[in-house]
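Colleague: Contents are mmCIF, C-alpha atoms, pLDDT in the B column; chains and numbers go by the auth columns; file name run.cif:
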data_structure
#
loop_
_atom_site.group_PDB
_atom_site.id
_atom_site.type_symbol
_atom_site.label_atom_id
_atom_site.label_comp_id
_atom_site.label_asym_id
_atom_site.label_seq_id
_atom_site.Cartn_x
_atom_site.Cartn_y
_atom_site.Cartn_z
_atom_site.B_iso_or_equiv
_atom_site.auth_seq_id
_atom_site.auth_asym_id
ATOM 1 C CA MET A 1 -29.637 -87.431 81.517 38.00 1 A
ATOM 2 C CA PRO A 2 -32.557 -89.705 80.568 40.00 2 A
ATOM 3 C CA TYR A 3 -34.776 -88.712 77.675 47.00 3 A
ATOM 4 C CA LEU A 4 -38.185 -87.719 78.940 46.00 4 A
ATOM 5 C CA LEU A 5 -39.857 -87.429 75.559 55.00 5 A
ATOM 6 C CA ASN A 6 -40.809 -90.373 73.409 57.00 6 A
ATOM 7 C CA ASN A 7 -42.633 -89.755 70.178 70.00 7 A
ATOM 8 C CA GLU A 8 -43.290 -92.512 67.696 80.00 8 A
ATOM 9 C CA ASN A 9 -43.569 -89.896 64.938 87.00 9 A
ATOM 10 C CA ILE A 10 -40.066 -88.502 65.525 94.00 10 A
ATOM 11 C CA LYS A 11 -36.813 -90.407 65.136 93.00 11 A
ATOM 12 C CA GLU A 12 -34.071 -89.036 67.396 96.00 12 A
ATOM 13 C CA LYS A 13 -30.353 -89.689 67.180 96.00 13 A
ATOM 14 C CA ASN A 14 -27.110 -88.134 68.402 97.00 14 A
ATOM 15 C CA ILE A 15 -24.803 -87.590 65.428 98.00 15 A
ATOM 16 C CA ASN A 16 -21.372 -86.070 64.875 98.00 16 A
ATOM 17 C CA ILE A 17 -20.817 -83.948 61.788 97.00 17 A
ATOM 18 C CA ARG A 18 -17.083 -83.501 61.259 96.00 18 A
ATOM 19 C CA GLY A 19 -16.449 -82.947 64.935 97.00 19 A
ATOM 20 C CA ILE A 20 -19.696 -81.079 65.645 98.00 20 A
ATOM 21 C CA PRO A 21 -21.927 -83.031 68.069 98.00 21 A
ATOM 22 C CA CYS A 22 -25.597 -82.642 67.141 98.00 22 A
ATOM 23 C CA ILE A 23 -29.037 -83.916 67.987 98.00 23 A
ATOM 24 C CA ARG A 24 -30.948 -84.972 64.893 98.00 24 A
ATOM 25 C CA LEU A 25 -34.741 -85.129 64.972 97.00 25 A
ATOM 26 C CA VAL A 26 -36.437 -86.580 61.906 95.00 26 A
ATOM 27 C CA PRO A 27 -40.194 -86.745 61.301 93.00 27 A
ATOM 28 C CA LYS A 28 -41.659 -89.925 59.886 88.00 28 A
ATOM 29 C CA ILE A 29 -42.877 -88.488 56.615 82.00 29 A
ATOM 30 C CA LYS A 30 -42.690 -89.787 53.075 78.00 30 A
ATOM 31 C CA GLY A 31 -40.158 -88.290 50.729 76.00 31 A
ATOM 32 C CA LYS A 32 -36.544 -88.497 49.657 81.00 32 A
ATOM 33 C CA SER A 33 -35.455 -85.300 51.392 93.00 33 A
ATOM 34 C CA PHE A 34 -36.346 -83.195 54.414 96.00 34 A
ATOM 35 C CA SER A 35 -36.975 -79.517 54.835 97.00 35 A
ATOM 36 C CA THR A 36 -34.467 -78.794 57.587 98.00 36 A
ATOM 37 C CA ILE A 37 -34.108 -76.383 60.507 98.00 37 A
ATOM 38 C CA ILE A 38 -30.753 -75.786 62.179 98.00 38 A
ATOM 39 C CA PHE A 39 -31.445 -74.592 65.730 98.00 39 A
ATOM 40 C CA TYR A 40 -28.612 -72.795 67.541 98.00 40 A
ATOM 41 C CA HIS A 41 -28.515 -72.677 71.350 98.00 41 A
ATOM 42 C CA GLY A 42 -27.592 -69.678 73.476 97.00 42 A
ATOM 43 C CA TRP A 43 -24.649 -68.764 75.710 96.00 43 A
ATOM 44 C CA SER A 44 -24.006 -71.357 78.447 96.00 44 A
ATOM 45 C CA SER A 45 -26.716 -73.633 77.008 97.00 45 A
ATOM 46 C CA THR A 46 -26.417 -76.974 75.197 97.00 46 A
ATOM 47 C CA LYS A 47 -28.083 -78.881 72.414 98.00 47 A
ATOM 48 C CA GLU A 48 -29.944 -80.960 75.017 97.00 48 A
ATOM 49 C CA ASN A 49 -31.484 -77.828 76.516 97.00 49 A
ATOM 50 C CA GLN A 50 -33.077 -77.048 73.148 97.00 50 A
ATOM 51 C CA ARG A 51 -34.371 -80.554 72.596 96.00 51 A
ATOM 52 C CA PHE A 52 -37.981 -79.820 73.529 96.00 52 A
ATOM 53 C CA ARG A 53 -38.113 -76.864 71.123 97.00 53 A
ATOM 54 C CA GLY A 54 -36.624 -79.146 68.486 97.00 54 A
ATOM 55 C CA PHE A 55 -39.392 -81.690 69.050 96.00 55 A
ATOM 56 C CA ILE A 56 -42.024 -78.995 68.560 96.00 56 A
ATOM 57 C CA LEU A 57 -40.511 -77.944 65.237 96.00 57 A
ATOM 58 C CA SER A 58 -39.935 -81.507 64.056 96.00 58 A
ATOM 59 C CA ASN A 59 -43.560 -82.363 64.780 94.00 59 A
ATOM 60 C CA LEU A 60 -44.456 -79.731 62.196 95.00 60 A
ATOM 61 C CA GLY A 61 -42.723 -81.853 59.572 94.00 61 A
ATOM 62 C CA TYR A 62 -39.121 -80.617 59.662 96.00 62 A
ATOM 63 C CA GLN A 63 -35.828 -82.359 60.172 97.00 63 A
ATOM 64 C CA VAL A 64 -34.234 -80.459 63.070 98.00 64 A
ATOM 65 C CA ILE A 65 -30.510 -80.345 63.752 98.00 65 A
ATOM 66 C CA ILE A 66 -29.282 -78.901 67.072 98.00 66 A
ATOM 67 C CA PRO A 67 -25.471 -78.504 67.224 98.00 67 A
ATOM 68 C CA ASP A 68 -23.268 -77.850 70.239 98.00 68 A
ATOM 69 C CA ALA A 69 -21.145 -74.702 69.922 98.00 69 A
ATOM 70 C CA ILE A 70 -17.499 -74.699 70.999 97.00 70 A
ATOM 71 C CA TYR A 71 -17.027 -74.284 74.764 96.00 71 A
ATOM 72 C CA HIS A 72 -20.515 -75.753 75.257 97.00 72 A
ATOM 73 C CA GLY A 73 -22.035 -79.179 75.804 96.00 73 A
ATOM 74 C CA GLU A 74 -19.659 -81.870 74.568 97.00 74 A
ATOM 75 C CA ARG A 75 -17.126 -79.330 73.291 97.00 75 A
ATOM 76 C CA ASN A 76 -14.941 -78.409 76.272 94.00 76 A
ATOM 77 C CA PRO A 77 -17.389 -76.255 78.262 94.00 77 A
ATOM 78 C CA ILE A 78 -15.937 -73.376 80.262 93.00 78 A
ATOM 79 C CA ASP A 79 -16.906 -71.802 83.570 93.00 79 A
ATOM 80 C CA TYR A 80 -19.492 -69.303 82.361 89.00 80 A
ATOM 81 C CA ASN A 81 -19.499 -67.578 85.753 83.00 81 A
ATOM 82 C CA SER A 82 -15.805 -66.719 85.618 82.00 82 A
ATOM 83 C CA ASP A 83 -14.804 -63.088 85.202 70.00 83 A
ATOM 84 C CA ASN A 84 -13.299 -63.560 81.749 77.00 84 A
ATOM 85 C CA ALA A 85 -15.806 -65.999 80.247 81.00 85 A
ATOM 86 C CA ALA A 86 -17.514 -63.286 78.223 82.00 86 A
ATOM 87 C CA LYS A 87 -14.401 -62.750 76.107 84.00 87 A
ATOM 88 C CA HIS A 88 -15.267 -66.024 74.322 90.00 88 A
ATOM 89 C CA PHE A 89 -18.723 -64.831 73.236 93.00 89 A
ATOM 90 C CA TRP A 90 -17.873 -63.476 69.788 94.00 90 A
ATOM 91 C CA ARG A 91 -15.331 -66.208 69.117 94.00 91 A
ATOM 92 C CA VAL A 92 -18.089 -68.803 69.607 96.00 92 A
ATOM 93 C CA ILE A 93 -20.411 -66.982 67.204 97.00 93 A
ATOM 94 C CA LEU A 94 -17.769 -66.569 64.506 97.00 94 A
ATOM 95 C CA ASN A 95 -16.812 -70.234 64.846 97.00 95 A
ATOM 96 C CA ASN A 96 -20.473 -71.261 64.484 98.00 96 A
ATOM 97 C CA ILE A 97 -20.632 -69.264 61.254 98.00 97 A
ATOM 98 C CA GLU A 98 -17.376 -70.738 59.990 97.00 98 A
ATOM 99 C CA GLU A 99 -18.629 -74.262 60.689 97.00 99 A
ATOM 100 C CA SER A 100 -22.039 -73.649 59.131 98.00 100 A
ATOM 101 C CA ASP A 101 -20.903 -74.286 55.546 96.00 101 A
ATOM 102 C CA THR A 102 -19.603 -77.713 56.549 96.00 102 A
ATOM 103 C CA LEU A 103 -22.752 -78.403 58.544 97.00 103 A
ATOM 104 C CA VAL A 104 -25.048 -77.515 55.642 98.00 104 A
ATOM 105 C CA GLU A 105 -22.965 -79.447 53.123 97.00 105 A
ATOM 106 C CA GLU A 106 -23.010 -82.590 55.246 98.00 106 A
ATOM 107 C CA LEU A 107 -26.726 -82.286 55.964 98.00 107 A
ATOM 108 C CA ILE A 108 -27.418 -82.181 52.251 97.00 108 A
ATOM 109 C CA ASN A 109 -24.999 -84.950 51.264 97.00 109 A
ATOM 110 C CA LYS A 110 -25.461 -87.389 54.149 97.00 110 A
ATOM 111 C CA TYR A 111 -28.635 -86.499 56.030 96.00 111 A
ATOM 112 C CA ASP A 112 -31.159 -85.933 53.239 95.00 112 A
ATOM 113 C CA ALA A 113 -31.637 -82.190 53.789 97.00 113 A
ATOM 114 C CA ASN A 114 -33.469 -80.497 50.933 96.00 114 A
ATOM 115 C CA PRO A 115 -30.979 -77.845 49.733 96.00 115 A
ATOM 116 C CA ASP A 116 -33.838 -75.550 48.744 96.00 116 A
ATOM 117 C CA ASN A 117 -35.529 -75.644 52.148 96.00 117 A
ATOM 118 C CA ILE A 118 -33.056 -74.995 54.953 98.00 118 A
ATOM 119 C CA ALA A 119 -33.790 -72.509 57.748 98.00 119 A
ATOM 120 C CA VAL A 120 -31.732 -71.274 60.697 98.00 120 A
ATOM 121 C CA VAL A 121 -33.273 -70.457 64.077 98.00 121 A
ATOM 122 C CA GLY A 122 -31.659 -69.499 67.352 98.00 122 A
ATOM 123 C CA HIS A 123 -32.183 -67.922 70.751 98.00 123 A
ATOM 124 C CA SER A 124 -29.896 -65.331 72.400 98.00 124 A
ATOM 125 C CA MET A 125 -26.325 -66.129 71.274 98.00 125 A
ATOM 126 C CA GLY A 126 -27.984 -68.605 68.931 98.00 126 A
ATOM 127 C CA GLY A 127 -29.924 -65.658 67.515 98.00 127 A
ATOM 128 C CA PHE A 128 -26.668 -63.811 66.851 98.00 128 A
ATOM 129 C CA THR A 129 -25.353 -66.977 65.198 98.00 129 A
ATOM 130 C CA SER A 130 -28.456 -67.501 63.066 98.00 130 A
ATOM 131 C CA ALA A 131 -28.271 -63.876 61.946 98.00 131 A
ATOM 132 C CA GLY A 132 -24.677 -64.351 60.814 98.00 132 A
ATOM 133 C CA VAL A 133 -25.254 -67.700 59.125 98.00 133 A
ATOM 134 C CA PHE A 134 -28.288 -66.363 57.279 98.00 134 A
ATOM 135 C CA THR A 135 -26.414 -63.249 56.187 98.00 135 A
ATOM 136 C CA HIS A 136 -23.416 -65.043 54.776 97.00 136 A
ATOM 137 C CA ASN A 137 -25.062 -68.127 53.276 96.00 137 A
ATOM 138 C CA LYS A 138 -27.381 -67.125 50.459 95.00 138 A
ATOM 139 C CA ASN A 139 -28.713 -70.673 50.209 92.00 139 A
ATOM 140 C CA ILE A 140 -30.418 -70.525 53.621 98.00 140 A
ATOM 141 C CA LYS A 141 -34.065 -69.924 52.797 98.00 141 A
ATOM 142 C CA THR A 142 -35.227 -68.081 55.924 98.00 142 A
ATOM 143 C CA SER A 143 -34.307 -67.292 59.506 98.00 143 A
ATOM 144 C CA VAL A 144 -36.067 -66.662 62.812 98.00 144 A
ATOM 145 C CA ILE A 145 -34.072 -64.653 65.367 98.00 145 A
ATOM 146 C CA LEU A 146 -35.203 -65.062 68.998 98.00 146 A
ATOM 147 C CA ASN A 147 -33.851 -62.403 71.376 98.00 147 A
ATOM 148 C CA GLY A 148 -30.679 -62.085 69.318 98.00 148 A
ATOM 149 C CA SER A 149 -29.149 -59.358 67.185 98.00 149 A
ATOM 150 C CA LEU A 150 -28.581 -58.411 63.567 98.00 150 A
ATOM 151 C CA ASN A 151 -26.795 -55.244 64.688 98.00 151 A
ATOM 152 C CA TRP A 152 -23.641 -56.598 66.278 97.00 152 A
ATOM 153 C CA LYS A 153 -21.608 -53.426 66.658 96.00 153 A
ATOM 154 C CA MET A 154 -24.373 -51.685 68.570 97.00 154 A
ATOM 155 C CA SER A 155 -25.074 -54.778 70.692 96.00 155 A
ATOM 156 C CA ASN A 156 -21.383 -55.112 71.494 93.00 156 A
ATOM 157 C CA THR A 157 -21.194 -51.469 72.553 92.00 157 A
ATOM 158 C CA ILE A 158 -24.017 -52.143 75.015 93.00 158 A
ATOM 159 C CA PHE A 159 -22.302 -55.326 76.253 89.00 159 A
ATOM 160 C CA LEU A 160 -18.996 -53.531 76.837 84.00 160 A
ATOM 161 C CA LYS A 161 -20.624 -51.125 79.266 82.00 161 A
ATOM 162 C CA LYS A 162 -21.240 -54.093 81.561 76.00 162 A
ATOM 163 C CA LEU A 163 -17.804 -55.733 81.249 66.00 163 A
ATOM 164 C CA THR A 164 -14.512 -55.185 83.000 56.00 164 A
ATOM 165 C CA PRO A 165 -11.457 -54.343 80.855 52.00 165 A
ATOM 166 C CA ASP A 166 -10.066 -57.871 81.280 53.00 166 A
ATOM 167 C CA THR A 167 -13.015 -59.355 79.395 51.00 167 A
ATOM 168 C CA VAL A 168 -12.754 -57.121 76.328 53.00 168 A
ATOM 169 C CA GLU A 169 -11.973 -59.102 73.178 58.00 169 A
ATOM 170 C CA GLU A 170 -8.807 -58.450 71.210 68.00 170 A
ATOM 171 C CA LYS A 171 -8.941 -55.790 68.509 70.00 171 A
ATOM 172 C CA ASN A 172 -8.614 -58.120 65.517 79.00 172 A
ATOM 173 C CA LEU A 173 -11.558 -60.202 66.742 86.00 173 A
ATOM 174 C CA ILE A 174 -13.763 -57.127 67.023 86.00 174 A
ATOM 175 C CA GLU A 175 -12.724 -56.051 63.527 88.00 175 A
ATOM 176 C CA GLU A 176 -13.843 -59.438 62.222 92.00 176 A
ATOM 177 C CA VAL A 177 -17.134 -59.105 64.101 94.00 177 A
ATOM 178 C CA GLU A 178 -17.805 -55.716 62.546 94.00 178 A
ATOM 179 C CA LEU A 179 -16.968 -56.969 59.045 96.00 179 A
ATOM 180 C CA SER A 180 -19.377 -59.880 59.479 97.00 180 A
ATOM 181 C CA ASP A 181 -22.064 -57.749 61.137 98.00 181 A
ATOM 182 C CA PRO A 182 -25.423 -58.274 59.366 98.00 182 A
ATOM 183 C CA ILE A 183 -26.218 -54.556 59.489 98.00 183 A
ATOM 184 C CA SER A 184 -23.011 -53.960 57.508 98.00 184 A
ATOM 185 C CA ASN A 185 -24.144 -56.478 54.881 98.00 185 A
ATOM 186 C CA LEU A 186 -27.719 -55.449 54.156 98.00 186 A
ATOM 187 C CA HIS A 187 -27.264 -56.167 50.449 97.00 187 A
ATOM 188 C CA LYS A 188 -26.950 -59.860 51.320 98.00 188 A
ATOM 189 C CA LEU A 189 -30.233 -59.857 53.224 98.00 189 A
ATOM 190 C CA ALA A 190 -32.617 -57.586 51.336 97.00 190 A
ATOM 191 C CA GLY A 191 -35.606 -59.482 49.946 97.00 191 A
ATOM 192 C CA ARG A 192 -34.978 -62.710 51.888 98.00 192 A
ATOM 193 C CA PRO A 193 -37.603 -63.876 54.440 98.00 193 A
ATOM 194 C CA LEU A 194 -36.526 -62.782 57.924 98.00 194 A
ATOM 195 C CA LEU A 195 -38.445 -62.783 61.210 98.00 195 A
ATOM 196 C CA ILE A 196 -37.202 -60.943 64.310 98.00 196 A
ATOM 197 C CA LEU A 197 -38.792 -61.819 67.658 98.00 197 A
ATOM 198 C CA HIS A 198 -37.737 -59.959 70.812 98.00 198 A
ATOM 199 C CA GLY A 199 -38.851 -59.459 74.367 98.00 199 A
ATOM 200 C CA GLY A 200 -39.774 -55.842 74.991 97.00 200 A
ATOM 201 C CA GLY A 201 -38.326 -56.023 78.506 97.00 201 A
ATOM 202 C CA ASP A 202 -35.174 -57.983 77.651 97.00 202 A
ATOM 203 C CA ASN A 203 -32.331 -56.632 79.788 95.00 203 A
ATOM 204 C CA VAL A 204 -29.791 -59.254 78.650 95.00 204 A
ATOM 205 C CA VAL A 205 -29.873 -58.554 74.902 97.00 205 A
ATOM 206 C CA SER A 206 -31.321 -55.115 74.292 97.00 206 A
ATOM 207 C CA LYS A 207 -34.115 -54.782 71.746 98.00 207 A
ATOM 208 C CA VAL A 208 -32.786 -51.396 70.574 98.00 208 A
ATOM 209 C CA PRO A 209 -30.171 -52.752 68.114 98.00 209 A
ATOM 210 C CA GLN A 210 -32.863 -54.923 66.552 98.00 210 A
ATOM 211 C CA GLN A 211 -35.192 -51.948 66.213 98.00 211 A
ATOM 212 C CA VAL A 212 -32.442 -49.941 64.510 98.00 212 A
ATOM 213 C CA PHE A 213 -31.680 -52.833 62.148 98.00 213 A
ATOM 214 C CA TYR A 214 -35.326 -53.357 61.297 98.00 214 A
ATOM 215 C CA GLU A 215 -35.919 -49.698 60.443 98.00 215 A
ATOM 216 C CA LYS A 216 -32.813 -49.677 58.279 98.00 216 A
ATOM 217 C CA ILE A 217 -33.536 -52.817 56.277 98.00 217 A
ATOM 218 C CA LYS A 218 -37.313 -52.607 55.894 98.00 218 A
ATOM 219 C CA PRO A 219 -37.205 -50.017 53.059 98.00 219 A
ATOM 220 C CA LEU A 220 -35.008 -52.417 51.048 98.00 220 A
ATOM 221 C CA TYR A 221 -37.832 -54.981 50.810 98.00 221 A
ATOM 222 C CA LYS A 222 -40.249 -54.676 47.915 97.00 222 A
ATOM 223 C CA ASP A 223 -42.328 -57.477 49.418 98.00 223 A
ATOM 224 C CA LYS A 224 -42.949 -56.315 53.001 97.00 224 A
ATOM 225 C CA THR A 225 -44.417 -59.689 53.961 98.00 225 A
ATOM 226 C CA LYS A 226 -40.894 -61.089 53.906 98.00 226 A
ATOM 227 C CA ILE A 227 -39.593 -58.917 56.747 98.00 227 A
ATOM 228 C CA LYS A 228 -41.199 -58.652 60.167 98.00 228 A
ATOM 229 C CA MET A 229 -40.313 -57.743 63.734 98.00 229 A
ATOM 230 C CA ILE A 230 -42.526 -58.644 66.682 98.00 230 A
ATOM 231 C CA GLU A 231 -41.921 -57.280 70.185 98.00 231 A
ATOM 232 C CA TYR A 232 -43.537 -58.915 73.204 98.00 232 A
ATOM 233 C CA PRO A 233 -44.382 -56.235 75.819 96.00 233 A
ATOM 234 C CA ASP A 234 -42.583 -56.608 79.160 95.00 234 A
ATOM 235 C CA LEU A 235 -41.119 -59.995 78.188 98.00 235 A
ATOM 236 C CA GLY A 236 -37.569 -60.592 79.409 98.00 236 A
ATOM 237 C CA HIS A 237 -34.872 -62.795 77.906 98.00 237 A
ATOM 238 C CA PHE A 238 -37.138 -65.795 77.433 96.00 238 A
ATOM 239 C CA VAL A 239 -38.831 -67.815 74.695 97.00 239 A
ATOM 240 C CA THR A 240 -42.569 -68.067 75.264 97.00 240 A
ATOM 241 C CA THR A 241 -45.216 -70.277 73.697 96.00 241 A
ATOM 242 C CA ASN A 242 -46.460 -67.262 71.728 97.00 242 A
ATOM 243 C CA MET A 243 -42.979 -66.621 70.411 98.00 243 A
ATOM 244 C CA LEU A 244 -42.579 -70.243 69.322 97.00 244 A
ATOM 245 C CA GLU A 245 -45.969 -70.163 67.634 98.00 245 A
ATOM 246 C CA ASP A 246 -45.114 -66.985 65.707 98.00 246 A
ATOM 247 C CA GLY A 247 -41.824 -68.549 64.651 98.00 247 A
ATOM 248 C CA ALA A 248 -43.518 -71.784 63.588 98.00 248 A
ATOM 249 C CA LYS A 249 -46.084 -69.934 61.485 98.00 249 A
ATOM 250 C CA TRP A 250 -43.277 -68.067 59.755 98.00 250 A
ATOM 251 C CA LEU A 251 -41.363 -71.251 58.994 98.00 251 A
ATOM 252 C CA LEU A 252 -44.451 -72.977 57.621 97.00 252 A
ATOM 253 C CA LYS A 253 -44.989 -70.020 55.301 97.00 253 A
ATOM 254 C CA TRP A 254 -41.449 -69.550 54.018 97.00 254 A
ATOM 255 C CA CYS A 255 -39.806 -72.965 54.387 96.00 255 A
ATOM 256 C CA SER A 256 -42.257 -75.480 53.008 87.00 256 A
ATOM 257 C CA ARG A 257 -42.277 -79.020 54.326 78.00 257 A
ATOM 258 C CA ASP A 258 -42.928 -80.721 50.996 59.00 258 A
ATOM 259 C CA GLY A 259 -39.813 -79.541 49.227 45.00 259 A
ATOM 260 C CA SER A 260 -41.735 -77.216 46.921 42.00 260 A
#
As structure tokens, please, write out the structure in this file.

Modeller:
Amino acid sequence: MPYLLNNENIKEKNINIRGIPCIRLVPKIKGKSFSTIIFYHGWSSTKENQRFRGFILSNLGYQVIIPDAIYHGERNPIDYNSDNAAKHFWRVILNNIEESDTLVEELINKYDANPDNIAVVGHSMGGFTSAGVFTHNKNIKTSVILNGSLNWKMSNTIFLKKLTPDTVEEKNLIEEVELSDPISNLHKLAGRPLLILHGGGDNVVSKVPQQVFYEKIKPLYKDKTKIKMIEYPDLGHFVTTNMLEDGAKWLLKWCSRDGS
């Protein structure tokens, strides 16, 4: 697929971080390190499909890294329309979280990421992933969750109503999901900058689990400016310009570009 975007202010390169294929977008700014955003794609998507969003964020002054998840892109993609494809959903998310420590370590050591200014952003399944990475890595400065979930058990209950028995994940996997569930680990999140963005009419990933999470965690924040949820009336499972703008404003506030 030919690249349709050329920007003399952004350097783009395909890289491989210990077996994880990524797109790296680097702004031409002075400095020895880069404030960095890891952007996670959704179910059945690829790093290339998020490239335009990555360009928008990199033009704001951030290094942007977009990795392929397992079973996606360059990593043995599956038939997402098959009857049992959904059983891989949680395995992909948990693998993304497991790989995130390696990803962050390599970005700091080899790709000039400022360890004090790393954010995670993701849409849909990427939002679930970002929620988990942010929860379990205290060194991630902030996160923006686009049509994802920080309330995995409740989201999974809703998903299961739509699935046939053959697609239900094995018991031990679900136990791991529930242990890693952000809503079960509020003590790891309280006080850290977190933005939740969700379509009010999303019928793919319900907004209700996010609403429940938000009401549960908000009282744990002394500084209420660090926690926010925005719903977009009647919006389905999409990322709009308004949503990107709200996310960008949040990142500029909580993940500075100058390393301060």

Colleague: Here is a test: counting all atoms listed in the file, which residue of A:Ile65, A:Leu252, A:Ile118, A:Ile183 is nearest to Ile140 of chain A?

Modeller: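 Nearest to Ile140 of chain A: A:Ile118.
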
Colleague: Just how far from atom CA of Gly148 of chain A is atom CA of Asp116 of chain A, in Å to one decimal?

Modeller: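 Between atom CA of Asp116 of chain A and atom CA of Gly148 of chain A the gap is 24.8 Å.
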
Colleague: Applying the PyMOL selection byres ((chain A and resi 10-17) around 9) to the file I just gave you, which residues come out? Please list them as a short mmCIF file (atom, residue, chain, number, x, y, z; two decimals) with C-alpha atoms, in the coordinates of the input.

Modeller:
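Final file, selection.cif:
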data_model
loop_
_atom_site.label_atom_id
_atom_site.label_comp_id
_atom_site.auth_asym_id
_atom_site.auth_seq_id
_atom_site.Cartn_x
_atom_site.Cartn_y
_atom_site.Cartn_z
CA ASN A 6 -40.81 -90.37 73.41
CA ASN A 7 -42.63 -89.76 70.18
CA GLU A 8 -43.29 -92.51 67.70
CA ASN A 9 -43.57 -89.90 64.94
CA ARG A 18 -17.08 -83.50 61.26
CA GLY A 19 -16.45 -82.95 64.94
CA ILE A 20 -19.70 -81.08 65.64
CA PRO A 21 -21.93 -83.03 68.07
CA CYS A 22 -25.60 -82.64 67.14
CA ILE A 23 -29.04 -83.92 67.99
CA ARG A 24 -30.95 -84.97 64.89
CA LEU A 25 -34.74 -85.13 64.97
CA VAL A 26 -36.44 -86.58 61.91
CA PRO A 27 -40.19 -86.74 61.30
CA LYS A 28 -41.66 -89.92 59.89
CA PHE A 55 -39.39 -81.69 69.05
CA SER A 58 -39.94 -81.51 64.06
CA ASN A 59 -43.56 -82.36 64.78
CA PRO A 67 -25.47 -78.50 67.22
CA THR A 102 -19.60 -77.71 56.55
CA LEU A 103 -22.75 -78.40 58.54
CA GLU A 106 -23.01 -82.59 55.25
CA LEU A 107 -26.73 -82.29 55.96
#

Colleague: Do a neighbour search on Phe89 of chain A at 12 Å with all atoms listed in the file, toss out local chain neighbours closer than 2 positions, and write the hits as a PDB file with C-alpha atoms, in the frame of the given file.

Modeller:
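Writing done, so here's part-v4.pdb:
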ATOM      1  CA  GLY A  42     -27.592 -69.678  73.476  1.00 97.00           C
ATOM      2  CA  TRP A  43     -24.649 -68.764  75.710  1.00 96.00           C
ATOM      3  CA  SER A  44     -24.006 -71.357  78.447  1.00 96.00           C
ATOM      4  CA  ALA A  69     -21.145 -74.702  69.922  1.00 98.00           C
ATOM      5  CA  ILE A  70     -17.499 -74.699  70.999  1.00 97.00           C
ATOM      6  CA  TYR A  71     -17.027 -74.284  74.764  1.00 96.00           C
ATOM      7  CA  HIS A  72     -20.515 -75.753  75.257  1.00 97.00           C
ATOM      8  CA  ILE A  78     -15.937 -73.376  80.262  1.00 93.00           C
ATOM      9  CA  TYR A  80     -19.492 -69.303  82.361  1.00 89.00           C
ATOM     10  CA  ASN A  84     -13.299 -63.560  81.749  1.00 77.00           C
ATOM     11  CA  ALA A  85     -15.806 -65.999  80.247  1.00 81.00           C
ATOM     12  CA  ALA A  86     -17.514 -63.286  78.223  1.00 82.00           C
ATOM     13  CA  LYS A  87     -14.401 -62.750  76.107  1.00 84.00           C
ATOM     14  CA  ARG A  91     -15.331 -66.208  69.117  1.00 94.00           C
ATOM     15  CA  VAL A  92     -18.089 -68.803  69.607  1.00 96.00           C
ATOM     16  CA  ILE A  93     -20.411 -66.982  67.204  1.00 97.00           C
ATOM     17  CA  LEU A  94     -17.769 -66.569  64.506  1.00 97.00           C
ATOM     18  CA  ASN A  95     -16.812 -70.234  64.846  1.00 97.00           C
ATOM     19  CA  ASN A  96     -20.473 -71.261  64.484  1.00 98.00           C
ATOM     20  CA  SER A 124     -29.896 -65.331  72.400  1.00 98.00           C
ATOM     21  CA  MET A 125     -26.325 -66.129  71.274  1.00 98.00           C
ATOM     22  CA  GLY A 126     -27.984 -68.605  68.931  1.00 98.00           C
ATOM     23  CA  PHE A 128     -26.668 -63.811  66.851  1.00 98.00           C
ATOM     24  CA  THR A 129     -25.353 -66.977  65.198  1.00 98.00           C
ATOM     25  CA  TRP A 152     -23.641 -56.598  66.278  1.00 97.00           C
ATOM     26  CA  ASN A 156     -21.383 -55.112  71.494  1.00 93.00           C
ATOM     27  CA  PHE A 159     -22.302 -55.326  76.253  1.00 89.00           C
ATOM     28  CA  LEU A 160     -18.996 -53.531  76.837  1.00 84.00           C
ATOM     29  CA  THR A 167     -13.015 -59.355  79.395  1.00 51.00           C
ATOM     30  CA  VAL A 168     -12.754 -57.121  76.328  1.00 53.00           C
ATOM     31  CA  GLU A 169     -11.973 -59.102  73.178  1.00 58.00           C
ATOM     32  CA  GLU A 170      -8.807 -58.450  71.210  1.00 68.00           C
ATOM     33  CA  LEU A 173     -11.558 -60.202  66.742  1.00 86.00           C
ATOM     34  CA  ILE A 174     -13.763 -57.127  67.023  1.00 86.00           C
ATOM     35  CA  VAL A 177     -17.134 -59.105  64.101  1.00 94.00           C
TER      36      VAL A 177
END

Colleague: Applied to the shown file, which residues does the PyMOL selection byres ((chain A and resi 130) around 9) return, written as a ChimeraX atom specification?

Modeller: /A:38-40,96-97,120-123,125-129,131-135,143-145,148

Colleague: Neighbouring residues of Leu251 of chain A were defined as those with any atom within 12 Å, considering only C-alpha atoms; residues of the same chain fewer than 2 positions away were excluded. Please report them as a PyMOL selection string.

Modeller: chain A and resi 35-38+57-58+60-62+117-121+141-145+193-195+226+244-249+253-257

Colleague: Which neighbours of Thr46 of chain A fall inside 7 Å, counting only C-alpha atoms, when residues of the same chain fewer than 5 positions from it are skipped, and could you give them as a list of chain:residue names?

Modeller: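 Counting only the stated atoms, we get A:His41, A:Asp68, A:His72, A:Gly73.
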
Colleague: Counting only C-alpha atoms, what is within 8 Å of Leu197 of chain A, bar same-chain residues fewer than 6 positions away, as a VMD selection string?

Modeller: chain A and resid 144 to 147 229 to 232 243 247

Colleague: Nearest to Leu179 of chain A: which of A:Ser149, A:Ser45, A:His136, A:Asp223 is it, counting only C-alpha atoms?

Modeller: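 Looking at the shortest contact to Leu179 of chain A, the residue is A:His136.
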
Colleague: I'd like the residues picked by the PyMOL selection byres ((chain A and resi 235) around 9) written out as a PyMOL selection string, using the chain letters and numbers from the file.

Modeller: chain A and resi 198-202+231-234+236-240

Colleague: Atom CA of Asp101 of chain A to atom CA of Lys138 of chain A: how many Å, to one decimal?

Modeller: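 Computing it gives 10.9 Å between the two atoms.
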